[in-house]
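Chemist: Below you'll find structure.cif; it's mmCIF, C-alpha atoms and all ligand atoms.
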data_entry
#
loop_
_atom_site.group_PDB
_atom_site.id
_atom_site.type_symbol
_atom_site.label_atom_id
_atom_site.label_comp_id
_atom_site.auth_asym_id
_atom_site.auth_seq_id
_atom_site.Cartn_x
_atom_site.Cartn_y
_atom_site.Cartn_z
ATOM 1 C CA MET I 203 71.221 9.636 -0.695
ATOM 2 C CA ARG I 204 68.778 6.794 -1.359
ATOM 3 C CA SER I 205 69.139 5.261 -4.805
ATOM 4 C CA GLN I 206 65.989 5.423 -6.932
ATOM 5 C CA ASP I 207 67.360 3.174 -9.653
ATOM 6 C CA GLY I 208 65.579 0.026 -8.507
ATOM 7 C CA THR I 209 62.176 1.702 -8.498
ATOM 8 C CA VAL I 210 62.218 3.355 -11.933
ATOM 9 C CA PRO I 211 60.999 0.394 -14.058
ATOM 10 C CA GLN I 212 58.054 -0.056 -11.687
ATOM 11 C CA MET I 213 57.128 3.621 -12.025
ATOM 12 C CA ARG I 214 57.383 3.410 -15.762
ATOM 13 C CA ARG I 215 54.915 0.525 -15.854
ATOM 14 C CA THR I 216 52.511 2.508 -13.677
ATOM 15 C CA TRP I 217 52.799 5.478 -15.988
ATOM 16 C CA LEU I 218 52.126 3.429 -19.114
ATOM 17 C CA ALA I 219 49.043 1.956 -17.517
ATOM 18 C CA LEU I 220 47.800 5.417 -16.583
ATOM 19 C CA VAL I 221 48.383 6.764 -20.073
ATOM 20 C CA CYS I 222 46.396 3.873 -21.500
ATOM 21 C CA LEU I 223 43.564 4.723 -19.138
ATOM 22 C CA ALA I 224 43.694 8.352 -20.244
ATOM 23 C CA ALA I 225 43.722 7.307 -23.893
ATOM 24 C CA GLY I 226 40.777 5.016 -23.200
ATOM 25 C CA ALA I 227 38.806 7.942 -21.842
ATOM 26 C CA ALA I 228 39.382 9.776 -25.114
ATOM 27 C CA LEU I 229 38.353 6.654 -27.059
ATOM 28 C CA LEU I 230 41.788 6.213 -28.597
ATOM 29 C CA PRO I 231 43.473 2.876 -29.039
ATOM 30 C CA CYS I 232 46.236 2.355 -26.504
ATOM 31 C CA GLY I 233 48.848 2.165 -29.250
ATOM 32 C CA ALA I 234 48.096 5.746 -30.275
ATOM 33 C CA THR I 235 49.548 7.345 -27.153
ATOM 34 C CA ALA I 236 52.792 8.572 -28.679
ATOM 35 C CA LYS I 237 51.339 12.076 -29.074
ATOM 36 C CA ALA I 238 51.572 14.067 -25.861
ATOM 37 C CA THR I 239 47.886 14.842 -25.584
ATOM 38 C CA GLY I 240 45.632 14.726 -22.570
ATOM 39 C CA ALA I 241 42.079 13.554 -22.050
ATOM 40 C CA CYS I 242 39.688 16.513 -22.210
ATOM 41 C CA THR I 243 35.993 17.295 -22.198
ATOM 42 C CA ALA I 244 34.505 17.733 -25.686
ATOM 43 C CA GLY I 245 35.703 20.724 -27.706
ATOM 44 C CA THR I 246 39.026 21.154 -25.896
ATOM 45 C CA THR I 247 42.475 19.653 -26.494
ATOM 46 C CA LEU I 248 45.571 19.662 -24.274
ATOM 47 C CA ARG I 249 49.038 19.094 -25.610
ATOM 48 C CA LEU I 250 52.289 18.971 -23.649
ATOM 49 C CA SER I 251 55.718 19.276 -25.263
ATOM 50 C CA THR I 252 56.497 15.862 -23.759
ATOM 51 C CA LEU I 253 55.000 13.290 -21.386
ATOM 52 C CA GLU I 254 58.414 11.889 -20.487
ATOM 53 C CA ALA I 255 60.117 14.519 -18.390
ATOM 54 C CA SER I 256 63.106 14.449 -16.091
ATOM 55 C CA GLN I 257 64.106 16.341 -12.952
ATOM 56 C CA GLY I 258 64.869 20.000 -13.757
ATOM 57 C CA SER I 259 63.024 20.008 -17.088
ATOM 58 C CA LEU I 260 60.436 22.428 -18.412
ATOM 59 C CA LEU I 261 57.281 21.557 -20.330
ATOM 60 C CA LEU I 262 55.134 23.724 -22.571
ATOM 61 C CA ALA I 263 51.391 23.140 -22.298
ATOM 62 C CA GLU I 264 48.942 24.216 -24.992
ATOM 63 C CA VAL I 265 45.183 24.226 -24.577
ATOM 64 C CA ARG I 266 42.952 24.739 -27.606
ATOM 65 C CA SER I 267 39.208 25.168 -27.303
ATOM 66 C CA ALA I 268 36.370 25.452 -29.791
ATOM 67 C CA GLU I 269 34.949 28.332 -27.751
ATOM 68 C CA PRO I 270 37.274 30.979 -26.216
ATOM 69 C CA LEU I 271 37.799 30.259 -22.514
ATOM 70 C CA ALA I 272 36.981 33.064 -20.094
ATOM 71 C CA GLU I 273 38.816 31.428 -17.220
ATOM 72 C CA VAL I 274 41.403 28.688 -17.368
ATOM 73 C CA SER I 275 44.405 27.518 -15.380
ATOM 74 C CA GLY I 276 46.539 24.453 -14.929
ATOM 75 C CA GLU I 277 47.469 22.549 -11.806
ATOM 76 C CA TRP I 278 50.745 20.768 -11.143
ATOM 77 C CA GLY I 279 52.118 19.501 -7.843
ATOM 78 C CA GLY I 280 49.571 21.481 -5.844
ATOM 79 C CA ARG I 281 50.503 24.757 -7.582
ATOM 80 C CA ILE I 282 48.302 26.758 -9.957
ATOM 81 C CA ILE I 283 49.918 27.079 -13.382
ATOM 82 C CA PRO I 284 48.760 30.290 -15.109
ATOM 83 C CA LEU I 285 47.921 29.854 -18.789
ATOM 84 C CA TRP I 286 48.361 32.879 -21.009
ATOM 85 C CA GLN I 287 46.618 33.846 -24.206
ATOM 86 C CA GLU I 288 48.771 34.622 -27.238
ATOM 87 C CA ALA I 289 47.871 37.905 -28.944
ATOM 88 C CA GLY I 290 45.201 37.392 -31.592
ATOM 89 C CA LYS I 291 44.627 33.745 -30.693
ATOM 90 C CA GLU I 292 41.536 33.692 -28.530
ATOM 91 C CA SER I 293 41.138 29.937 -28.517
ATOM 92 C CA VAL I 294 44.770 29.069 -27.623
ATOM 93 C CA ARG I 295 46.247 29.171 -24.111
ATOM 94 C CA LYS I 296 49.808 28.304 -23.194
ATOM 95 C CA GLY I 297 51.623 27.620 -19.945
ATOM 96 C CA LEU I 298 55.016 26.541 -18.629
ATOM 97 C CA VAL I 299 55.224 23.576 -16.294
ATOM 98 C CA GLY I 300 58.430 23.301 -14.283
ATOM 99 C CA VAL I 301 59.688 19.960 -12.954
ATOM 100 C CA ASP I 302 61.791 20.754 -9.897
ATOM 101 C CA LEU I 303 65.371 19.586 -9.880
ATOM 102 C CA GLU I 304 64.704 17.432 -6.796
ATOM 103 C CA LEU I 305 61.144 16.249 -7.511
ATOM 104 C CA ALA I 306 61.015 12.524 -6.700
ATOM 105 C CA PRO I 307 60.797 10.409 -9.871
ATOM 106 C CA GLY I 308 57.325 9.028 -10.544
ATOM 107 C CA ALA I 309 54.048 9.694 -12.335
ATOM 108 C CA TYR I 310 52.429 13.102 -11.808
ATOM 109 C CA GLU I 311 49.154 14.517 -13.039
ATOM 110 C CA PHE I 312 48.818 17.811 -14.911
ATOM 111 C CA LYS I 313 45.278 19.135 -14.870
ATOM 112 C CA VAL I 314 43.539 21.982 -16.674
ATOM 113 C CA ILE I 315 40.279 23.489 -15.484
ATOM 114 C CA GLY I 316 38.451 26.170 -17.440
ATOM 115 C CA GLN I 317 35.182 27.810 -18.214
ATOM 116 C CA ALA I 318 33.866 29.293 -21.470
ATOM 117 C CA ALA I 319 32.097 32.667 -21.589
ATOM 118 C CA SER I 320 28.837 30.723 -21.905
ATOM 119 C CA GLY I 321 29.486 29.166 -18.498
ATOM 120 C CA GLU I 322 30.258 25.724 -19.885
ATOM 121 C CA LYS I 323 33.018 24.025 -17.894
ATOM 122 C CA THR I 324 35.955 22.273 -19.443
ATOM 123 C CA SER I 325 38.750 20.120 -18.029
ATOM 124 C CA CYS I 326 41.741 18.072 -19.163
ATOM 125 C CA ARG I 327 44.108 15.730 -17.442
ATOM 126 C CA VAL I 328 47.274 13.961 -18.408
ATOM 127 C CA MET I 329 49.948 11.947 -16.604
ATOM 128 C CA VAL I 330 53.588 12.978 -16.888
ATOM 129 C CA ALA I 331 56.366 10.514 -16.113
ATOM 130 C CA VAL I 332 59.261 12.173 -14.300
ATOM 131 C CA LYS I 333 62.531 10.308 -14.368
ATOM 132 C CA LYS I 334 65.743 10.912 -12.507
ATOM 133 C CA GLY I 335 67.917 13.672 -14.011
ATOM 134 C CA ARG I 336 71.349 12.719 -15.319
ATOM 135 C CA PHE I 337 73.478 15.100 -13.316
ATOM 136 C CA ALA I 338 77.207 15.103 -12.742
ATOM 137 C CA ARG I 339 78.731 14.357 -9.338
ATOM 138 C CA GLU I 340 82.024 15.649 -8.092
ATOM 139 C CA LYS I 341 83.802 14.197 -5.074
ATOM 140 C CA LEU I 342 86.238 16.485 -3.315
ATOM 141 C CA GLN I 343 88.417 16.182 -0.231
ATOM 142 C CA VAL I 344 89.252 19.621 1.071
ATOM 143 C CA GLY I 345 90.464 21.304 4.245
ATOM 144 C CA LYS I 346 87.823 21.659 6.974
ATOM 145 C CA GLN I 347 87.842 25.465 6.755
ATOM 146 C CA PHE I 348 86.418 25.245 3.198
ATOM 147 C CA VAL I 349 83.574 22.919 4.139
ATOM 148 C CA GLU I 350 82.363 24.434 7.367
ATOM 149 C CA PRO I 351 81.280 28.051 7.153
ATOM 150 C CA SER I 352 81.274 30.078 10.371
ATOM 151 C CA PRO I 353 78.035 30.305 12.416
ATOM 152 C CA GLU I 354 77.555 33.874 11.125
ATOM 153 C CA GLN I 355 77.927 32.695 7.519
ATOM 154 C CA ILE I 356 75.478 29.829 8.083
ATOM 155 C CA LYS I 357 72.955 32.263 9.586
ATOM 156 C CA ARG I 358 73.372 34.712 6.708
ATOM 157 C CA ALA I 359 73.083 32.038 4.004
ATOM 158 C CA GLY I 360 69.958 30.612 5.688
ATOM 159 C CA GLU I 361 68.261 34.009 5.827
ATOM 160 C CA GLU I 362 69.065 34.666 2.194
ATOM 161 C CA ARG I 363 67.742 31.249 1.144
ATOM 162 C CA GLN I 364 64.490 32.029 2.963
ATOM 163 C CA LYS I 365 64.263 35.460 1.323
ATOM 164 C CA LEU I 366 64.667 33.925 -2.148
ATOM 165 C CA ARG I 367 62.120 31.206 -1.365
ATOM 166 C CA GLU I 368 59.525 33.817 -0.370
ATOM 167 C CA LEU I 369 60.298 35.837 -3.461
ATOM 168 C CA PHE I 370 59.888 32.880 -5.847
ATOM 169 C CA ASP I 371 56.637 31.982 -4.105
ATOM 170 C CA ARG I 372 54.985 35.234 -5.248
ATOM 171 C CA VAL I 373 53.127 35.097 -8.538
ATOM 172 C CA THR I 374 52.707 38.347 -10.460
ATOM 173 C CA PRO I 375 49.405 37.759 -12.272
ATOM 174 C CA GLU I 376 50.387 39.635 -15.455
ATOM 175 C CA ARG I 377 52.706 38.213 -18.078
ATOM 176 C CA LEU I 378 55.423 40.869 -18.284
ATOM 177 C CA TRP I 379 57.079 39.419 -21.376
ATOM 178 C CA ASP I 380 56.054 38.579 -24.901
ATOM 179 C CA GLY I 381 57.821 36.242 -27.309
ATOM 180 C CA LYS I 382 61.145 34.480 -27.041
ATOM 181 C CA PHE I 383 63.785 34.299 -24.294
ATOM 182 C CA ARG I 384 67.532 34.665 -24.762
ATOM 183 C CA ILE I 385 70.727 33.388 -23.185
ATOM 184 C CA PRO I 386 72.003 36.413 -21.179
ATOM 185 C CA LEU I 387 75.511 36.556 -22.689
ATOM 186 C CA ASP I 388 76.116 37.506 -26.338
ATOM 187 C CA GLY I 389 77.612 34.699 -28.384
ATOM 188 C CA VAL I 390 77.116 32.036 -25.680
ATOM 189 C CA THR I 391 74.970 29.148 -26.875
ATOM 190 C CA THR I 392 75.134 26.726 -23.948
ATOM 191 C CA GLY I 393 75.882 26.391 -20.233
ATOM 192 C CA SER I 394 77.100 23.700 -17.870
ATOM 193 C CA ASN I 395 76.820 22.178 -14.394
ATOM 194 C CA PHE I 396 73.012 22.146 -14.121
ATOM 195 C CA GLY I 397 72.003 19.817 -11.280
ATOM 196 C CA LYS I 398 75.618 18.943 -10.472
ATOM 197 C CA ARG I 399 76.149 17.769 -6.911
ATOM 198 C CA ARG I 400 79.376 18.299 -5.024
ATOM 199 C CA ILE I 401 80.276 15.796 -2.382
ATOM 200 C CA LEU I 402 82.687 17.506 -0.015
ATOM 201 C CA ASN I 403 84.509 15.106 2.310
ATOM 202 C CA GLY I 404 81.696 12.598 1.848
ATOM 203 C CA ASN I 405 78.856 15.076 2.512
ATOM 204 C CA PRO I 406 76.577 15.792 -0.476
ATOM 205 C CA GLY I 407 75.745 19.489 -0.834
ATOM 206 C CA SER I 408 72.607 20.862 -2.477
ATOM 207 C CA PRO I 409 72.468 20.465 -6.259
ATOM 208 C CA HIS I 410 73.591 23.306 -8.516
ATOM 209 C CA GLY I 411 70.332 25.074 -9.352
ATOM 210 C CA GLY I 412 71.322 26.887 -12.543
ATOM 211 C CA VAL I 413 73.740 26.814 -15.441
ATOM 212 C CA ASP I 414 77.185 28.390 -15.507
ATOM 213 C CA LEU I 415 77.806 30.453 -18.616
ATOM 214 C CA PRO I 416 81.395 31.212 -19.618
ATOM 215 C CA GLY I 417 82.383 34.862 -19.669
ATOM 216 C CA THR I 418 85.220 37.163 -18.678
ATOM 217 C CA THR I 419 84.888 39.840 -15.990
ATOM 218 C CA GLY I 420 83.114 42.895 -17.364
ATOM 219 C CA THR I 421 81.111 41.112 -20.093
ATOM 220 C CA PRO I 422 77.611 42.682 -20.266
ATOM 221 C CA VAL I 423 74.789 40.533 -18.865
ATOM 222 C CA HIS I 424 71.458 40.921 -20.668
ATOM 223 C CA ALA I 425 67.954 40.383 -19.284
ATOM 224 C CA ALA I 426 66.604 37.124 -20.735
ATOM 225 C CA GLN I 427 63.281 38.837 -21.428
ATOM 226 C CA ARG I 428 61.178 41.790 -20.316
ATOM 227 C CA GLY I 429 60.452 41.940 -16.578
ATOM 228 C CA ARG I 430 60.899 43.746 -13.275
ATOM 229 C CA VAL I 431 63.904 43.659 -10.950
ATOM 230 C CA VAL I 432 62.876 42.183 -7.585
ATOM 231 C CA LEU I 433 66.333 41.678 -6.059
ATOM 232 C CA ALA I 434 69.622 43.473 -6.706
ATOM 233 C CA GLU I 435 72.143 42.903 -3.902
ATOM 234 C CA GLU I 436 75.145 40.971 -2.695
ATOM 235 C CA LEU I 437 74.370 37.452 -1.401
ATOM 236 C CA PHE I 438 76.680 35.017 0.416
ATOM 237 C CA PHE I 439 76.776 32.226 -2.180
ATOM 238 C CA SER I 440 75.963 34.005 -5.438
ATOM 239 C CA GLY I 441 77.737 37.333 -4.742
ATOM 240 C CA ASN I 442 76.260 40.324 -6.569
ATOM 241 C CA THR I 443 72.900 39.003 -7.690
ATOM 242 C CA VAL I 444 69.947 40.215 -9.738
ATOM 243 C CA VAL I 445 66.572 38.462 -9.824
ATOM 244 C CA GLU I 446 64.088 39.428 -12.529
ATOM 245 C CA ASP I 447 60.358 38.736 -12.298
ATOM 246 C CA HIS I 448 58.792 37.945 -15.694
ATOM 247 C CA GLY I 449 55.294 37.467 -14.262
ATOM 248 C CA LEU I 450 53.177 34.298 -13.968
ATOM 249 C CA GLY I 451 55.590 32.871 -11.365
ATOM 250 C CA ILE I 452 58.585 32.934 -13.737
ATOM 251 C CA TYR I 453 61.900 34.348 -12.435
ATOM 252 C CA THR I 454 65.434 34.493 -13.834
ATOM 253 C CA PHE I 455 68.482 34.706 -11.544
ATOM 254 C CA TYR I 456 71.872 36.232 -12.412
ATOM 255 C CA GLY I 457 74.774 35.584 -10.011
ATOM 256 C CA HIS I 458 78.461 36.409 -9.353
ATOM 257 C CA LEU I 459 78.209 39.796 -11.109
ATOM 258 C CA SER I 460 81.169 42.171 -10.817
ATOM 259 C CA GLU I 461 78.726 45.071 -11.085
ATOM 260 C CA ILE I 462 74.967 45.452 -10.711
ATOM 261 C CA GLU I 463 73.544 48.118 -13.004
ATOM 262 C CA VAL I 464 69.875 48.017 -11.993
ATOM 263 C CA LYS I 465 67.859 48.468 -8.811
ATOM 264 C CA VAL I 466 64.779 46.848 -7.299
ATOM 265 C CA GLY I 467 61.635 48.050 -9.067
ATOM 266 C CA ASP I 468 63.310 48.768 -12.416
ATOM 267 C CA ALA I 469 61.323 47.647 -15.453
ATOM 268 C CA LEU I 470 63.697 45.905 -17.867
ATOM 269 C CA GLU I 471 63.214 45.534 -21.585
ATOM 270 C CA ALA I 472 64.208 42.219 -23.161
ATOM 271 C CA GLY I 473 67.971 42.210 -23.620
ATOM 272 C CA ALA I 474 68.624 45.244 -21.372
ATOM 273 C CA VAL I 475 72.023 45.176 -19.635
ATOM 274 C CA LEU I 476 71.517 44.483 -15.925
ATOM 275 C CA GLY I 477 75.134 44.058 -14.854
ATOM 276 C CA LYS I 478 78.532 42.627 -15.722
ATOM 277 C CA VAL I 479 80.052 39.165 -15.422
ATOM 278 C CA GLY I 480 82.272 38.719 -12.356
ATOM 279 C CA ALA I 481 83.526 36.321 -9.698
ATOM 280 C CA THR I 482 81.772 37.596 -6.564
ATOM 281 C CA GLY I 483 80.429 35.163 -3.947
ATOM 282 C CA ARG I 484 81.617 31.589 -3.462
ATOM 283 C CA VAL I 485 83.300 30.947 -6.822
ATOM 284 C CA THR I 486 86.701 30.065 -8.180
ATOM 285 C CA GLY I 487 86.594 32.208 -11.334
ATOM 286 C CA PRO I 488 84.476 34.621 -13.396
ATOM 287 C CA HIS I 489 81.316 33.265 -15.048
ATOM 288 C CA LEU I 490 77.590 33.967 -15.012
ATOM 289 C CA HIS I 491 75.381 31.742 -12.874
ATOM 290 C CA TRP I 492 71.997 31.826 -14.606
ATOM 291 C CA GLY I 493 68.920 30.309 -12.980
ATOM 292 C CA LEU I 494 65.236 29.913 -13.825
ATOM 293 C CA THR I 495 62.398 29.310 -11.383
ATOM 294 C CA VAL I 496 58.908 28.462 -12.632
ATOM 295 C CA GLU I 497 56.227 28.239 -9.918
ATOM 296 C CA ARG I 498 58.995 27.565 -7.391
ATOM 297 C CA ALA I 499 60.417 24.712 -9.479
ATOM 298 C CA ARG I 500 64.135 25.052 -10.225
ATOM 299 C CA VAL I 501 64.561 24.153 -13.882
ATOM 300 C CA ASN I 502 67.308 24.296 -16.488
ATOM 301 C CA PRO I 503 67.075 27.865 -17.907
ATOM 302 C CA LEU I 504 68.366 26.769 -21.315
ATOM 303 C CA LEU I 505 65.035 24.972 -21.771
ATOM 304 C CA ILE I 506 62.963 28.157 -21.830
ATOM 305 C CA VAL I 507 65.099 29.374 -24.736
ATOM 306 C CA LYS I 508 64.643 26.035 -26.465
ATOM 307 C CA LEU I 509 60.866 25.884 -25.883
ATOM 308 C CA LEU I 510 59.923 29.484 -26.669
ATOM 309 C CA GLY I 511 62.726 30.323 -29.103
ATOM 310 C CA ASN I 512 65.918 32.381 -28.873
ATOM 311 C CA SER I 513 65.450 36.126 -29.103
ATOM 312 C CA SER I 514 69.059 37.310 -28.740
ATOM 313 C CA GLU I 515 69.417 38.363 -32.377
ATOM 314 C CA GLU I 516 66.044 40.084 -32.384
ATOM 315 C CA ALA I 517 66.878 41.858 -29.108
ATOM 316 C CA VAL I 518 70.117 43.172 -30.564
ATOM 317 C CA ARG I 519 68.263 44.397 -33.674
ATOM 318 C CA LYS I 520 65.601 46.115 -31.558
ATOM 319 C CA GLU I 521 68.249 47.870 -29.405
ATOM 320 C CA SER I 522 70.203 49.134 -32.388
ATOM 321 C CA SER I 523 67.117 50.447 -34.199
ATOM 322 C CA LYS I 524 66.044 52.585 -31.219
ATOM 323 C CA PRO I 525 66.101 56.347 -31.914
HETATM 324 ZN ZN ZN I 601 76.679 28.372 -10.817
#
Write out the structure in this file as structure tokens.
Ligand SMILES: [Zn+2]
Modeler:
Amino acid sequence: MRSQDGTVPQMRRTWLALVCLAAGAALLPCGATAKATGACTAGTTLRLSTLEASQGSLLLAEVRSAEPLAEVSGEWGGRIIPLWQEAGKESVRKGLVGVDLELAPGAYEFKVIGQAASGEKTSCRVMVAVKKGRFAREKLQVGKQFVEPSPEQIKRAGEERQKLRELFDRVTPERLWDGKFRIPLDGVTTGSNFGKRRILNGNPGSPHGGVDLPGTTGTPVHAAQRGRVVLAEELFFSGNTVVEDHGLGIYTFYGHLSEIEVKVGDALEAGAVLGKVGATGRVTGPHLHWGLTVERARVNPLLIVKLLGNSSEEAVRKESSKP
């Protein structure tokens, strides 16, 4: 893999210059760019949770307007980013911007385009600096039979990868959830291995696209939020797998389950049990592989819990108070 290290300082300079330009457009002194705000047309403000992102990170965008916006959406890396309206807050729109795990470091623009009920158009733009993620690397020398899957296995894995890609490409226009997300295992507060790359006999594999959560076989796996099951089957790499669609291009992925307890089409409440922890697929021991895809970008799922809040305690309370 080509090293990006030598090019990062250059990109950083470019980004600073662009931010100064953006600040200039909003008539702010260049020194006042610490706040993660964008340059907007009058009456609208754009705020991002950060302007210094890294590969695999997730950003929260907030657009506030003097007049409620009838139509508004964001744009990032050629993809439309849906912006939702919080209940009772007509003038506030929010959206999640995913920075893919393998997005090349550099400066990227996030744009918002909207229109008020009166027909007046509004727009915002801001530059986001994406730096290289700090991911672990593991070098392994193993027997050939562990590195080279059979032609049938390669074919199967390729078809499944394509199926997942097509699935994550679909955007359900409604937001199926409301409120906070949770880590799918009770009592687990963090996960590991996000972005980790294994180098088997000198050949780098694809980076680990989710986090591994510790758990023993049979531990209940809870839906991170409300949504609809769009995949519930056994896959070559991730074993028994469930994918949940939360709407607006946001999907959570649950792998290596010992048992799947839902089927495609099921509507899941936040915190509903969708299966049990296991060691199915290409793994060495039981754990939950938990992934998050936002507009096709593979991001660290722990960040959605951090950005929107952790609902696990509330979910447990809601479940237990049901008649
Ligand atoms: Zn994993």
Chemist: On this structure, which residues satisfy the PyMOL selection byres (((chain I and resi 500-512) around 6) and not hetatm), written as a PyMOL selection string?
Modeler: chain I and resi 258-259+302-303+382-384+493-495+499+513-514
Chemist: How many Å separate atom CA of Thr482 of chain I from atom CA of Gly404 of chain I?
Modeler: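 These atoms are spaced 26.4 Å apart.
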Chemist: Counting all atoms listed in the file, name the residues that have an atom within 8 Å of an atom of ligand ZN 601 (chain I); the answer should be given as a PDB file with C-alpha atoms, in the frame of the given file.
Modeler:
ATOM      1  CA  ASN I 395      76.820  22.178 -14.394  1.00  0.00           C
ATOM      2  CA  PHE I 396      73.012  22.146 -14.121  1.00  0.00           C
ATOM      3  CA  HIS I 410      73.591  23.306  -8.516  1.00  0.00           C
ATOM      4  CA  GLY I 411      70.332  25.074  -9.352  1.00  0.00           C
ATOM      5  CA  GLY I 412      71.322  26.887 -12.543  1.00  0.00           C
ATOM      6  CA  VAL I 413      73.740  26.814 -15.441  1.00  0.00           C
ATOM      7  CA  ASP I 414      77.185  28.390 -15.507  1.00  0.00           C
ATOM      8  CA  SER I 440      75.963  34.005  -5.438  1.00  0.00           C
ATOM      9  CA  GLY I 457      74.774  35.584 -10.011  1.00  0.00           C
ATOM     10  CA  HIS I 489      81.316  33.265 -15.048  1.00  0.00           C
ATOM     11  CA  LEU I 490      77.590  33.967 -15.012  1.00  0.00           C
ATOM     12  CA  HIS I 491      75.381  31.742 -12.874  1.00  0.00           C
ATOM     13  CA  TRP I 492      71.997  31.826 -14.606  1.00  0.00           C
TER      14      TRP I 492
END
Chemist: Can you translate the PyMOL selection byres (((chain I and resi 288) around 12) and not hetatm) into the concrete residues it hits in this file, as a count of residues only?
Modeler: 19
Chemist: Name the closest residue to Val299 of chain I among the candidates I:Ala241, I:Leu415, I:Leu260, I:Val373; distances are taken between atoms, counting all atoms listed in the file.
Modeler: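 Distance minimum relative to Val299 of chain I lands on I:Leu260.
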Chemist: Please compute the atom CA of Gly467 of chain I-atom CA of Thr454 of chain I distance, one decimal, in Å.
Modeler: 14.9 Å
Chemist: Counting only C-alpha atoms, which residue out of I:Asn442, I:Thr246, I:Ser325, I:Ser251 sits closest to Glu277 of chain I?
Modeler: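 Between I:Asn442, I:Thr246, I:Ser325, I:Ser251, the residue approaching Glu277 of chain I most closely is I:Ser325.
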Chemist: Anything within 12 Å of (77.8, 15.3, -0.2): list those residues as a PyMOL selection string, counting all atoms listed in the file and sticking to the file's coordinates.
Modeler: chain I and resi 203+339-343+349+398-409
Chemist: To one decimal in Å, tell me the separation between atom CA of Val496 of chain I and atom CA of Glu269 of chain I.
Modeler: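 For atom CA of Val496 of chain I relative to atom CA of Glu269 of chain I, the distance reads 28.3 Å.
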Chemist: Got a sec to resolve the PyMOL selection byres (((chain I and resi 312) around 7) and not hetatm) on this structure and send the residues as number ranges by chain?
Modeler: I: 277-278, 310-311, 313-314, 327-329
Chemist: Once you count only C-alpha atoms, which residues end up no further than 9 Å from (58.0, 36.4, -13.0) in the file's frame, shown as a list in words?
Modeler: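 Protein, DNA and RNA residues close to (58.0, 36.4, -13.0): Phe370, Arg372, Val373, Thr374, Pro375, Glu376, Arg377, Leu378, Trp379, Gly429, Arg430, Glu446, Asp447, His448, Gly449, Leu450, Gly451, Ile452, Tyr453, Thr454, Thr495, Val496 and Glu497 of chain I.
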Chemist: Please provide as a list in words all residues within 10 Å of Val330 of chain I, with the sequence filter that same-chain residues fewer than 3 positions apart are discarded (counting all atoms listed in the file).
Modeler: Trp217, Leu218, Leu220, Val221, Ala238, Gly240, Leu250, Thr252, Leu253, Glu254, Ala255, Ser256, Leu261, Gly308, Ala309, Tyr310, Glu311, Phe312, Arg327 and Lys333 of chain I
Chemist: Could those selected residues go to a file with C-alpha atoms, as an mmCIF file, in the coordinates of the input?
Modeler:
data_model
loop_
_atom_site.group_PDB
_atom_site.id
_atom_site.type_symbol
_atom_site.label_atom_id
_atom_site.label_comp_id
_atom_site.auth_asym_id
_atom_site.auth_seq_id
_atom_site.Cartn_x
_atom_site.Cartn_y
_atom_site.Cartn_z
ATOM 1 C CA TRP I 217 52.799 5.478 -15.988
ATOM 2 C CA LEU I 218 52.126 3.429 -19.114
ATOM 3 C CA LEU I 220 47.800 5.417 -16.583
ATOM 4 C CA VAL I 221 48.383 6.764 -20.073
ATOM 5 C CA ALA I 238 51.572 14.067 -25.861
ATOM 6 C CA GLY I 240 45.632 14.726 -22.570
ATOM 7 C CA LEU I 250 52.289 18.971 -23.649
ATOM 8 C CA THR I 252 56.497 15.862 -23.759
ATOM 9 C CA LEU I 253 55.000 13.290 -21.386
ATOM 10 C CA GLU I 254 58.414 11.889 -20.487
ATOM 11 C CA ALA I 255 60.117 14.519 -18.390
ATOM 12 C CA SER I 256 63.106 14.449 -16.091
ATOM 13 C CA LEU I 261 57.281 21.557 -20.330
ATOM 14 C CA GLY I 308 57.325 9.028 -10.544
ATOM 15 C CA ALA I 309 54.048 9.694 -12.335
ATOM 16 C CA TYR I 310 52.429 13.102 -11.808
ATOM 17 C CA GLU I 311 49.154 14.517 -13.039
ATOM 18 C CA PHE I 312 48.818 17.811 -14.911
ATOM 19 C CA ARG I 327 44.108 15.730 -17.442
ATOM 20 C CA LYS I 333 62.531 10.308 -14.368
#
Chemist: Which residue is closest to Ala474 of chain I? Choose from I:Gly487, I:Gly441, I:Pro422, I:Gly389 and count all atoms listed in the file.
Modeler: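 Once distances to Ala474 of chain I are computed over all atoms listed in the file, the minimum belongs to I:Pro422.
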Chemist: Pick from I:Gly360, I:Gly316, I:Glu304, I:Ala425: nearest to Gly276 of chain I, with only C-alpha atoms counted?
Modeler: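 Selected residue with least distance to Gly276 of chain I: I:Gly316.
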Chemist: Between I:Leu298, I:Ala244, I:Leu459, I:Leu476, which has the minimum distance to Leu437 of chain I (counting all atoms listed in the file)?
Modeler: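 Closest residue, counting all atoms listed in the file: I:Leu459.
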Chemist: Would you place a box with edges along x, y and z of the file around all atoms of segment 357-364 of chain I listed there, add 3 Å to each of its six sides, and report the centre and edge lengths in Å to one decimal, as lines of an AutoDock Vina configuration file?
Modeler:
center_x = 68.9
center_y = 32.7
center_z = 5.4
size_x = 14.9
size_y = 10.1
size_z = 14.4
